[in-house]
Amino acid sequence: MTDARGGTRGEADRPAVRTTVSIVPQSALAANGELLRALEEAFPVRFVGSSDAEIDASGAAIVFPGGVRPSRLPIPCLSLTGGPAPGGGDRAVGVEMARDAGLDRALHGQSLRDEHHGLPAPVPVGRGLRVLATAFGAPVWVVKDSPAGREETASAHPPMLGEREFLRDHLTAGRFWSLLPIAHFLKRLSFGLSGALERHRACFVIDDPNVRFSSYGHVHFGALARDARDCGYHVALATIPLDLVLPGGRTAGVLREFPSHLSLAVHGNDHVRHELARPSARDAERIARSAVARVERFERRVGVRVDRVMCPPHGAFCPAALSALFRAGFLGLAASTPFGWDGFSEHRAWRLGGWLPAQLTAGGFPVIPRYPLARSLDDLVFRALLGLPLVVYCHHGDLRAGLEPLRAAAARIAALGTVDWMSLSSIARDCVRMCTVDDALEVILFSRDARIPRPDAPVVHVKIPRVFDVTDPILLAIDGERHDVTPRPDGGAELHVTTPAGGPTLRVQMLARDGLRAATAWGWCPRPWPVARRAMTETRDRLAPFIRE
């Protein structure tokens, strides 16, 4: 499986044939129904029971705690022994991953901390077994390769998904051990392991800075750009369109000098409370029009491009805001949760929230996952394992002691494999997975505007993953030719087209049926309260370096 740059990708692709996986014992199939249904959506597998006929027809097996591995099983098998070590209690556990060819590249040599499951009981190590992971020096995950099939054993107990939990809630920093061996086994079974060809897309984001001056709070933009160049990372400054209205653009020269390492994105519009979280449809359209008008005015004045990717203030947004941003031409929204509004309760229907490179909404508008720099960087390992973009955000206060937090995070990301540092707009356009199946190029689209190498295959098969809250046909354009694609009941859609002739790249877009009209001067001119509020918060931030803790 390859992405648009030729690297291997993974989980959400849908090969034509699903691998059948037997669950042992039979009773575990029903007892773990919610988990298995989520895993069937995450991987191209189908879970069945453990009768002799079902095992004979299966391509792999998972033995749940309490089950017994069938003798002479000629297929790959993962045995979960479960249960904590005697006296292990609920203590936090440090899991040390081996540098083994049988592990995904993202896991090699990682030291990960689990705070939810207690110390797992050690598993026996016999002849021919290799250790994949240890906890406090004892093996907790081992593997044996034999002609009869790959045999793995992990001291883990599968998680039970709560009513308001996503699958990703059990594969994240501080809470991963119950799901990691299963997810790793199914990824290897379905797609093989990520190796040297895996290329991770990465970007740092700093929220709030006003770029009219050469610094903001603890961040000096020139020093930041030089450090990004020297250490090889990229930073997107998520700036508030309200700040772009006033004269000044001292940072423009830095942005022009270091375009590969510093870029701009959009952070709300006025940055007032609940700005994108609770607007009506009409207010959401007004906010989107105003943001676009202010950004375009700034671009004309200083000659610097602002990426049309929205970073919502306080991470909060609602469906009305997503729809307005889609119609306004934004490429995506970057947030720490795919459903960033109060009262979201459809977890059972959307168990893959946060599992995919982007969550499609509003007819094809991607919500790109991002992660706070101040939290454990262990989560970057799991994001790399799943093929998610590695977008890490912070505020100027997180850099009060200097740029070392960015350097440390960049080093942690570099340890995961080959990294492509890029702007948010490049990441938004690069959320594509591709493979060739039966003389057709399959394109799994997580981007609303993707450009891919024009295929030699005569047919392009575009697959659109499930789109949240979609009822109308999705408007898909292939090199400008428009197609109405009727979504399936689950929200996904597909389209087969003959590969058009043209240049070296093929453009695939999800379009809004009607755009927003341009804002008038009355629509984008600042109002008194947002100006006063922003003046207070900016004054606080600019004084921060001069105030002792």
# chains A, B, ... in the order shown; residues from 1 in each chain; ligands from 1
>>> residues_around(residues="A:Gly402", least_positions_apart="6", cutoff="12 Å", atoms="only C-alpha atoms", output="PyMOL selection string")
chain A and resi 217-220+223-224+227+396+408+545
>>> closest_atom_pairs(of="stretch 426-534 of chain A", to="stretch 27-47 of chain A", cutoff="12 Å", atoms="only C-alpha atoms", output="tab-separated table")
residue	atom	partner	partner_atom	distance
A:Pro465	CA	A:Glu41	CA	10.6
A:Arg466	CA	A:Glu41	CA	10.4
A:Asp490	CA	A:Glu41	CA	11.1
A:Gly492	CA	A:Glu41	CA	11.9
>>> residues_around(residues="A:His157", least_positions_apart="3", cutoff="10 Å", atoms="only C-alpha atoms", output="PDB file with N, CA and C atoms, in the first residue's frame")
ATOM      1  N   PHE A  64      -8.301 -15.298  22.807  1.00  0.00           N
ATOM      2  CA  PHE A  64      -8.565 -14.379  23.904  1.00  0.00           C
ATOM      3  C   PHE A  64      -8.253 -15.063  25.234  1.00  0.00           C
ATOM      4  N   PRO A  65      -8.061 -14.284  26.299  1.00  0.00           N
ATOM      5  CA  PRO A  65      -7.774 -14.888  27.601  1.00  0.00           C
ATOM      6  C   PRO A  65      -8.838 -15.926  27.977  1.00  0.00           C
ATOM      7  N   LEU A  80      -3.550 -14.046  23.617  1.00  0.00           N
ATOM      8  CA  LEU A  80      -3.577 -13.037  24.667  1.00  0.00           C
ATOM      9  C   LEU A  80      -3.784 -13.742  26.000  1.00  0.00           C
ATOM     10  N   THR A  81      -2.800 -13.636  26.866  1.00  0.00           N
ATOM     11  CA  THR A  81      -2.884 -14.351  28.142  1.00  0.00           C
ATOM     12  C   THR A  81      -3.573 -13.538  29.215  1.00  0.00           C
ATOM     13  N   GLY A  82      -3.533 -12.200  29.105  1.00  0.00           N
ATOM     14  CA  GLY A  82      -4.254 -11.338  30.028  1.00  0.00           C
ATOM     15  C   GLY A  82      -3.791 -11.471  31.459  1.00  0.00           C
ATOM     16  N   GLY A  83      -4.447 -10.708  32.337  1.00  0.00           N
ATOM     17  CA  GLY A  83      -4.188 -10.805  33.760  1.00  0.00           C
ATOM     18  C   GLY A  83      -2.936 -10.078  34.199  1.00  0.00           C
ATOM     19  N   PRO A  84      -3.003  -9.369  35.361  1.00  0.00           N
ATOM     20  CA  PRO A  84      -1.825  -8.673  35.885  1.00  0.00           C
ATOM     21  C   PRO A  84      -0.897  -9.641  36.608  1.00  0.00           C
ATOM     22  N   HIS A 117      -3.319  -0.226  33.181  1.00  0.00           N
ATOM     23  CA  HIS A 117      -3.573  -1.666  33.172  1.00  0.00           C
ATOM     24  C   HIS A 117      -2.725  -2.467  34.143  1.00  0.00           C
ATOM     25  N   PRO A 120       1.726  -6.276  33.607  1.00  0.00           N
ATOM     26  CA  PRO A 120       1.284  -7.544  33.013  1.00  0.00           C
ATOM     27  C   PRO A 120       2.139  -8.698  33.504  1.00  0.00           C
ATOM     28  N   ALA A 154       1.080 -12.405  23.937  1.00  0.00           N
ATOM     29  CA  ALA A 154       1.196 -11.130  24.640  1.00  0.00           C
ATOM     30  C   ALA A 154       0.390 -11.197  25.932  1.00  0.00           C
ATOM     31  N   MET A 160     -12.568  -3.297  26.766  1.00  0.00           N
ATOM     32  CA  MET A 160     -14.006  -3.193  26.532  1.00  0.00           C
ATOM     33  C   MET A 160     -14.301  -1.735  26.193  1.00  0.00           C
ATOM     34  N   TRP A 177      -1.621  -0.720  26.236  1.00  0.00           N
ATOM     35  CA  TRP A 177      -1.155  -2.096  26.235  1.00  0.00           C
ATOM     36  C   TRP A 177      -2.259  -3.099  25.904  1.00  0.00           C
ATOM     37  N   SER A 178      -3.498  -2.817  26.271  1.00  0.00           N
ATOM     38  CA  SER A 178      -4.582  -3.768  26.017  1.00  0.00           C
ATOM     39  C   SER A 178      -4.871  -3.929  24.527  1.00  0.00           C
ATOM     40  N   LEU A 179      -4.584  -2.897  23.716  1.00  0.00           N
ATOM     41  CA  LEU A 179      -4.942  -2.934  22.300  1.00  0.00           C
ATOM     42  C   LEU A 179      -3.737  -3.065  21.374  1.00  0.00           C
ATOM     43  N   PRO A 181      -0.982  -5.053  20.998  1.00  0.00           N
ATOM     44  CA  PRO A 181      -0.659  -6.316  20.318  1.00  0.00           C
ATOM     45  C   PRO A 181      -1.697  -6.714  19.272  1.00  0.00           C
ATOM     46  N   ILE A 182      -2.977  -6.425  19.540  1.00  0.00           N
ATOM     47  CA  ILE A 182      -4.038  -6.771  18.588  1.00  0.00           C
ATOM     48  C   ILE A 182      -3.927  -5.900  17.343  1.00  0.00           C
TER      49      ILE A 182
END
>>> closest_residue(among="A:Asp472, A:Leu331, A:Phe221, A:Asp449", to="A:Leu403", atoms="only C-alpha atoms")
A:Phe221
>>> atom_distance(atom1="atom CA of A:Ala362", atom2="atom CA of A:Arg199")
28.8 Å
>>> select_by_dssp(residues="stretch 24-66 of chain A", states="strand (DSSP E or B)", output="PyMOL selection string")
chain A and resi 24+45-48+60-63
>>> select_by_dssp(residues="stretch 12-105 of chain A", states="alpha helix (DSSP H)", output="short mmCIF file (atom, residue, chain, number, x, y, z; two decimals) with all heavy atoms, in the first residue's frame")
data_model
loop_
_atom_site.label_atom_id
_atom_site.label_comp_id
_atom_site.auth_asym_id
_atom_site.auth_seq_id
_atom_site.Cartn_x
_atom_site.Cartn_y
_atom_site.Cartn_z
N SER A 27 -17.05 -18.11 22.71
CA SER A 27 -17.81 -17.16 23.54
C SER A 27 -17.23 -15.75 23.47
O SER A 27 -17.94 -14.77 23.69
CB SER A 27 -17.82 -17.64 24.99
OG SER A 27 -16.50 -17.78 25.48
N ALA A 28 -15.94 -15.62 23.15
CA ALA A 28 -15.32 -14.30 23.09
C ALA A 28 -15.84 -13.47 21.92
O ALA A 28 -15.75 -12.24 21.93
CB ALA A 28 -13.80 -14.44 23.00
N LEU A 29 -16.39 -14.13 20.92
CA LEU A 29 -16.90 -13.41 19.75
C LEU A 29 -18.05 -12.49 20.13
O LEU A 29 -18.10 -11.33 19.71
CB LEU A 29 -17.35 -14.42 18.69
CG LEU A 29 -17.65 -13.89 17.29
CD1 LEU A 29 -16.41 -13.30 16.65
CD2 LEU A 29 -18.21 -15.01 16.41
N ALA A 30 -18.97 -12.98 20.95
CA ALA A 30 -20.10 -12.16 21.39
C ALA A 30 -19.71 -11.25 22.55
O ALA A 30 -20.14 -10.10 22.62
CB ALA A 30 -21.27 -13.06 21.80
N ALA A 31 -18.88 -11.75 23.45
CA ALA A 31 -18.51 -10.97 24.62
C ALA A 31 -17.73 -9.71 24.27
O ALA A 31 -17.74 -8.73 25.01
CB ALA A 31 -17.70 -11.84 25.59
N GLY A 33 -18.09 -8.00 21.28
CA GLY A 33 -18.71 -7.58 20.02
C GLY A 33 -18.38 -6.15 19.63
O GLY A 33 -18.06 -5.88 18.46
N GLU A 34 -18.45 -5.20 20.55
CA GLU A 34 -18.19 -3.80 20.21
C GLU A 34 -16.75 -3.60 19.75
O GLU A 34 -16.49 -2.89 18.77
CB GLU A 34 -18.48 -2.89 21.42
CG GLU A 34 -19.95 -2.57 21.60
CD GLU A 34 -20.52 -1.77 20.44
OE1 GLU A 34 -19.90 -0.77 20.04
OE2 GLU A 34 -21.57 -2.16 19.92
N LEU A 35 -15.81 -4.20 20.45
CA LEU A 35 -14.40 -4.09 20.06
C LEU A 35 -14.17 -4.69 18.68
O LEU A 35 -13.51 -4.08 17.83
CB LEU A 35 -13.53 -4.80 21.10
CG LEU A 35 -12.04 -4.94 20.73
CD1 LEU A 35 -11.38 -3.58 20.63
CD2 LEU A 35 -11.33 -5.84 21.73
N LEU A 36 -14.72 -5.86 18.43
CA LEU A 36 -14.47 -6.53 17.16
C LEU A 36 -15.13 -5.80 16.00
O LEU A 36 -14.58 -5.74 14.90
CB LEU A 36 -14.97 -7.98 17.25
CG LEU A 36 -14.24 -8.85 18.28
CD1 LEU A 36 -14.83 -10.26 18.30
CD2 LEU A 36 -12.75 -8.91 17.99
N ARG A 37 -16.29 -5.21 16.24
CA ARG A 37 -16.93 -4.42 15.17
C ARG A 37 -16.08 -3.21 14.81
O ARG A 37 -15.94 -2.85 13.63
CB ARG A 37 -18.33 -3.99 15.60
CG ARG A 37 -19.39 -5.08 15.42
CD ARG A 37 -20.79 -4.52 15.60
NE ARG A 37 -21.06 -4.21 17.00
CZ ARG A 37 -21.52 -5.08 17.89
NH1 ARG A 37 -21.74 -6.34 17.53
NH2 ARG A 37 -21.76 -4.73 19.14
N ALA A 38 -15.49 -2.57 15.83
CA ALA A 38 -14.63 -1.42 15.56
C ALA A 38 -13.37 -1.85 14.80
O ALA A 38 -12.92 -1.16 13.88
CB ALA A 38 -14.25 -0.73 16.87
N LEU A 39 -12.81 -2.99 15.18
CA LEU A 39 -11.61 -3.48 14.50
C LEU A 39 -11.91 -3.90 13.06
O LEU A 39 -11.06 -3.76 12.17
CB LEU A 39 -11.01 -4.64 15.28
CG LEU A 39 -10.36 -4.27 16.62
CD1 LEU A 39 -10.00 -5.53 17.41
CD2 LEU A 39 -9.13 -3.40 16.41
N GLU A 40 -13.11 -4.39 12.80
CA GLU A 40 -13.49 -4.72 11.42
C GLU A 40 -13.59 -3.47 10.56
O GLU A 40 -13.34 -3.52 9.35
CB GLU A 40 -14.82 -5.48 11.41
CG GLU A 40 -14.71 -6.93 11.81
CD GLU A 40 -16.02 -7.67 11.70
OE1 GLU A 40 -17.09 -7.02 11.78
OE2 GLU A 40 -16.00 -8.90 11.52
N GLU A 41 -13.95 -2.35 11.17
CA GLU A 41 -13.97 -1.10 10.42
C GLU A 41 -12.57 -0.54 10.23
O GLU A 41 -12.26 0.08 9.21
CB GLU A 41 -14.84 -0.06 11.14
CG GLU A 41 -15.01 1.22 10.34
CD GLU A 41 -15.89 2.24 11.03
OE1 GLU A 41 -16.45 1.94 12.10
OE2 GLU A 41 -16.02 3.36 10.49
N ALA A 42 -11.69 -0.77 11.21
CA ALA A 42 -10.34 -0.23 11.14
C ALA A 42 -9.43 -1.02 10.22
O ALA A 42 -8.50 -0.47 9.63
CB ALA A 42 -9.73 -0.19 12.55
N ASP A 52 -14.26 -25.97 13.94
CA ASP A 52 -13.23 -26.55 13.07
C ASP A 52 -13.34 -26.01 11.65
O ASP A 52 -12.32 -25.69 11.02
CB ASP A 52 -13.36 -28.08 13.06
CG ASP A 52 -12.96 -28.70 14.40
OD1 ASP A 52 -12.31 -28.00 15.19
OD2 ASP A 52 -13.31 -29.86 14.63
N ALA A 53 -14.57 -25.88 11.15
CA ALA A 53 -14.75 -25.40 9.78
C ALA A 53 -14.33 -23.94 9.65
O ALA A 53 -13.71 -23.54 8.66
CB ALA A 53 -16.21 -25.56 9.36
N GLU A 54 -14.64 -23.12 10.67
CA GLU A 54 -14.29 -21.70 10.62
C GLU A 54 -12.77 -21.52 10.71
O GLU A 54 -12.20 -20.68 10.01
CB GLU A 54 -15.00 -20.96 11.75
CG GLU A 54 -16.49 -20.78 11.50
CD GLU A 54 -17.22 -20.23 12.70
OE1 GLU A 54 -16.92 -20.66 13.83
OE2 GLU A 54 -18.12 -19.37 12.51
N ILE A 55 -12.13 -22.29 11.56
CA ILE A 55 -10.67 -22.19 11.66
C ILE A 55 -10.01 -22.64 10.37
O ILE A 55 -9.05 -22.02 9.88
CB ILE A 55 -10.16 -23.00 12.87
CG1 ILE A 55 -10.58 -22.31 14.18
CG2 ILE A 55 -8.65 -23.16 12.81
CD1 ILE A 55 -10.15 -23.04 15.42
N ASP A 56 -10.53 -23.71 9.78
CA ASP A 56 -9.95 -24.21 8.53
C ASP A 56 -10.04 -23.18 7.41
O ASP A 56 -9.18 -23.14 6.52
CB ASP A 56 -10.66 -25.51 8.10
CG ASP A 56 -10.29 -26.68 9.00
OD1 ASP A 56 -9.27 -26.58 9.71
OD2 ASP A 56 -11.04 -27.68 9.00
#
>>> closest_residue(among="A:Arg201, A:Arg286, A:Arg212, A:Arg542", to="A:Asn269", atoms="only C-alpha atoms")
A:Arg286
>>> residues_around(residues="A:Ala409", least_positions_apart="2", cutoff="12 Å", atoms="only C-alpha atoms", output="ChimeraX atom specification")
/A:202-204,231-234,371-381,390-394,403-407,411-416
>>> write_last_selection(atoms="C-alpha atoms", output="mmCIF file, in the first residue's frame")
data_model
loop_
_atom_site.group_PDB
_atom_site.id
_atom_site.type_symbol
_atom_site.label_atom_id
_atom_site.label_comp_id
_atom_site.auth_asym_id
_atom_site.auth_seq_id
_atom_site.Cartn_x
_atom_site.Cartn_y
_atom_site.Cartn_z
ATOM 1 C CA ALA A 202 4.967 16.320 10.333
ATOM 2 C CA CYS A 203 4.438 19.935 11.340
ATOM 3 C CA PHE A 204 4.620 22.026 14.512
ATOM 4 C CA CYS A 231 17.219 21.151 13.118
ATOM 5 C CA GLY A 232 15.168 20.324 10.028
ATOM 6 C CA TYR A 233 11.589 20.923 11.212
ATOM 7 C CA HIS A 234 8.672 23.112 10.050
ATOM 8 C CA TYR A 371 -1.651 16.821 19.499
ATOM 9 C CA PRO A 372 -0.430 19.154 22.297
ATOM 10 C CA LEU A 373 3.317 19.479 22.769
ATOM 11 C CA ALA A 374 2.878 19.708 26.544
ATOM 12 C CA ARG A 375 1.546 16.145 26.829
ATOM 13 C CA SER A 376 3.403 12.834 26.627
ATOM 14 C CA LEU A 377 5.091 12.379 23.270
ATOM 15 C CA ASP A 378 4.389 8.635 23.469
ATOM 16 C CA ASP A 379 1.239 9.323 21.462
ATOM 17 C CA LEU A 380 3.363 10.197 18.429
ATOM 18 C CA VAL A 381 4.425 6.534 18.315
ATOM 19 C CA LEU A 390 2.270 14.143 13.165
ATOM 20 C CA VAL A 391 0.895 17.617 13.859
ATOM 21 C CA VAL A 392 2.027 18.927 17.269
ATOM 22 C CA TYR A 393 0.783 22.260 18.579
ATOM 23 C CA CYS A 394 1.684 24.610 21.402
ATOM 24 C CA LEU A 403 13.065 26.082 21.761
ATOM 25 C CA GLU A 404 14.281 22.848 23.341
ATOM 26 C CA PRO A 405 10.715 21.366 23.563
ATOM 27 C CA LEU A 406 10.453 21.634 19.762
ATOM 28 C CA ARG A 407 13.890 20.088 19.295
ATOM 29 C CA ALA A 411 14.073 14.146 17.689
ATOM 30 C CA ARG A 412 11.291 11.854 18.930
ATOM 31 C CA ILE A 413 9.582 12.092 15.540
ATOM 32 C CA ALA A 414 12.851 11.410 13.706
ATOM 33 C CA ALA A 415 13.184 8.151 15.665
ATOM 34 C CA LEU A 416 9.923 6.897 14.129
#
>>> residues_around(residues="stretch 497-513 of chain A", least_positions_apart="5", cutoff="8 Å", atoms="only C-alpha atoms", output="list in words")
Phe326, Arg327, Gly363, Gly364, Phe365, Ser447, Arg448, Asp449, Ala450, Arg451, Ile452, Pro453, Arg454, Pro455, Ala457, Pro458, Val459, Val460, His461, Ile474, Leu475, Leu476, Ala477, Ile478, Asp479 and Gly480 of chain A
>>> atom_distance(atom1="atom CA of A:Arg113", atom2="atom CA of A:Gly315")
26.0 Å
>>> closest_residue(among="A:Ala493, A:Ala384, A:Val437, A:Ile427", to="A:Arg105", atoms="only C-alpha atoms")
A:Ala384
>>> closest_residue(among="A:Lys144, A:Arg527, A:Arg168, A:Arg72", to="A:Leu385", atoms="only C-alpha atoms")
A:Arg168
>>> residues_around(residues="A:Pro122", least_positions_apart="3", cutoff="12 Å", atoms="only C-alpha atoms", output="list in words")
Leu80, Thr81, Gly82, Gly83, Pro84, Ala85, Pro86, Gly88, Val95, Leu119, Val125, Val131, Ala133, Thr134, Ala135, Phe136, Gly137, Ala138, Pro139, Val140, Trp141, Val142, Thr153, Ala154, Ser155 and Ala156 of chain A
>>> decode(residues="stretch 530-544 of chain A", atoms="N, CA, C and O atoms", output="PDB file, in the first residue's frame")
ATOM      1  N   PRO A 530     -14.104  42.538  20.242  1.00  0.00           N
ATOM      2  CA  PRO A 530     -12.963  41.675  19.887  1.00  0.00           C
ATOM      3  C   PRO A 530     -11.628  42.414  19.893  1.00  0.00           C
ATOM      4  O   PRO A 530     -10.606  41.849  20.298  1.00  0.00           O
ATOM      5  N   VAL A 531     -11.633  43.697  19.453  1.00  0.00           N
ATOM      6  CA  VAL A 531     -10.388  44.467  19.450  1.00  0.00           C
ATOM      7  C   VAL A 531      -9.903  44.688  20.880  1.00  0.00           C
ATOM      8  O   VAL A 531      -8.713  44.515  21.195  1.00  0.00           O
ATOM      9  N   ALA A 532     -10.830  45.052  21.765  1.00  0.00           N
ATOM     10  CA  ALA A 532     -10.440  45.293  23.158  1.00  0.00           C
ATOM     11  C   ALA A 532      -9.958  44.007  23.821  1.00  0.00           C
ATOM     12  O   ALA A 532      -8.947  44.005  24.540  1.00  0.00           O
ATOM     13  N   ARG A 533     -10.649  42.925  23.572  1.00  0.00           N
ATOM     14  CA  ARG A 533     -10.245  41.650  24.172  1.00  0.00           C
ATOM     15  C   ARG A 533      -8.878  41.212  23.661  1.00  0.00           C
ATOM     16  O   ARG A 533      -8.019  40.771  24.424  1.00  0.00           O
ATOM     17  N   ARG A 534      -8.671  41.336  22.364  1.00  0.00           N
ATOM     18  CA  ARG A 534      -7.395  40.930  21.791  1.00  0.00           C
ATOM     19  C   ARG A 534      -6.270  41.831  22.300  1.00  0.00           C
ATOM     20  O   ARG A 534      -5.148  41.362  22.542  1.00  0.00           O
ATOM     21  N   ALA A 535      -6.525  43.100  22.471  1.00  0.00           N
ATOM     22  CA  ALA A 535      -5.497  44.005  22.997  1.00  0.00           C
ATOM     23  C   ALA A 535      -5.071  43.566  24.391  1.00  0.00           C
ATOM     24  O   ALA A 535      -3.870  43.596  24.728  1.00  0.00           O
ATOM     25  N   MET A 536      -6.016  43.143  25.203  1.00  0.00           N
ATOM     26  CA  MET A 536      -5.678  42.691  26.562  1.00  0.00           C
ATOM     27  C   MET A 536      -4.873  41.390  26.536  1.00  0.00           C
ATOM     28  O   MET A 536      -3.858  41.263  27.238  1.00  0.00           O
ATOM     29  N   THR A 537      -5.305  40.414  25.734  1.00  0.00           N
ATOM     30  CA  THR A 537      -4.592  39.132  25.715  1.00  0.00           C
ATOM     31  C   THR A 537      -3.210  39.280  25.085  1.00  0.00           C
ATOM     32  O   THR A 537      -2.240  38.669  25.540  1.00  0.00           O
ATOM     33  N   GLU A 538      -3.094  40.125  24.046  1.00  0.00           N
ATOM     34  CA  GLU A 538      -1.784  40.309  23.420  1.00  0.00           C
ATOM     35  C   GLU A 538      -0.836  41.048  24.354  1.00  0.00           C
ATOM     36  O   GLU A 538       0.359  40.708  24.438  1.00  0.00           O
ATOM     37  N   THR A 539      -1.336  42.025  25.071  1.00  0.00           N
ATOM     38  CA  THR A 539      -0.495  42.725  26.046  1.00  0.00           C
ATOM     39  C   THR A 539       0.010  41.761  27.106  1.00  0.00           C
ATOM     40  O   THR A 539       1.185  41.776  27.482  1.00  0.00           O
ATOM     41  N   ARG A 540      -0.873  40.905  27.587  1.00  0.00           N
ATOM     42  CA  ARG A 540      -0.467  39.883  28.570  1.00  0.00           C
ATOM     43  C   ARG A 540       0.634  38.993  28.001  1.00  0.00           C
ATOM     44  O   ARG A 540       1.650  38.737  28.659  1.00  0.00           O
ATOM     45  N   ASP A 541       0.449  38.526  26.771  1.00  0.00           N
ATOM     46  CA  ASP A 541       1.431  37.615  26.177  1.00  0.00           C
ATOM     47  C   ASP A 541       2.770  38.308  25.922  1.00  0.00           C
ATOM     48  O   ASP A 541       3.834  37.706  26.119  1.00  0.00           O
ATOM     49  N   ARG A 542       2.729  39.562  25.499  1.00  0.00           N
ATOM     50  CA  ARG A 542       3.983  40.263  25.210  1.00  0.00           C
ATOM     51  C   ARG A 542       4.737  40.622  26.489  1.00  0.00           C
ATOM     52  O   ARG A 542       5.969  40.758  26.477  1.00  0.00           O
ATOM     53  N   LEU A 543       4.023  40.789  27.592  1.00  0.00           N
ATOM     54  CA  LEU A 543       4.679  41.091  28.859  1.00  0.00           C
ATOM     55  C   LEU A 543       5.206  39.832  29.548  1.00  0.00           C
ATOM     56  O   LEU A 543       6.030  39.939  30.471  1.00  0.00           O
ATOM     57  N   ALA A 544       4.747  38.677  29.098  1.00  0.00           N
ATOM     58  CA  ALA A 544       5.096  37.430  29.788  1.00  0.00           C
ATOM     59  C   ALA A 544       6.601  37.225  29.951  1.00  0.00           C
ATOM     60  O   ALA A 544       7.056  36.808  31.025  1.00  0.00           O
TER      61      ALA A 544
END
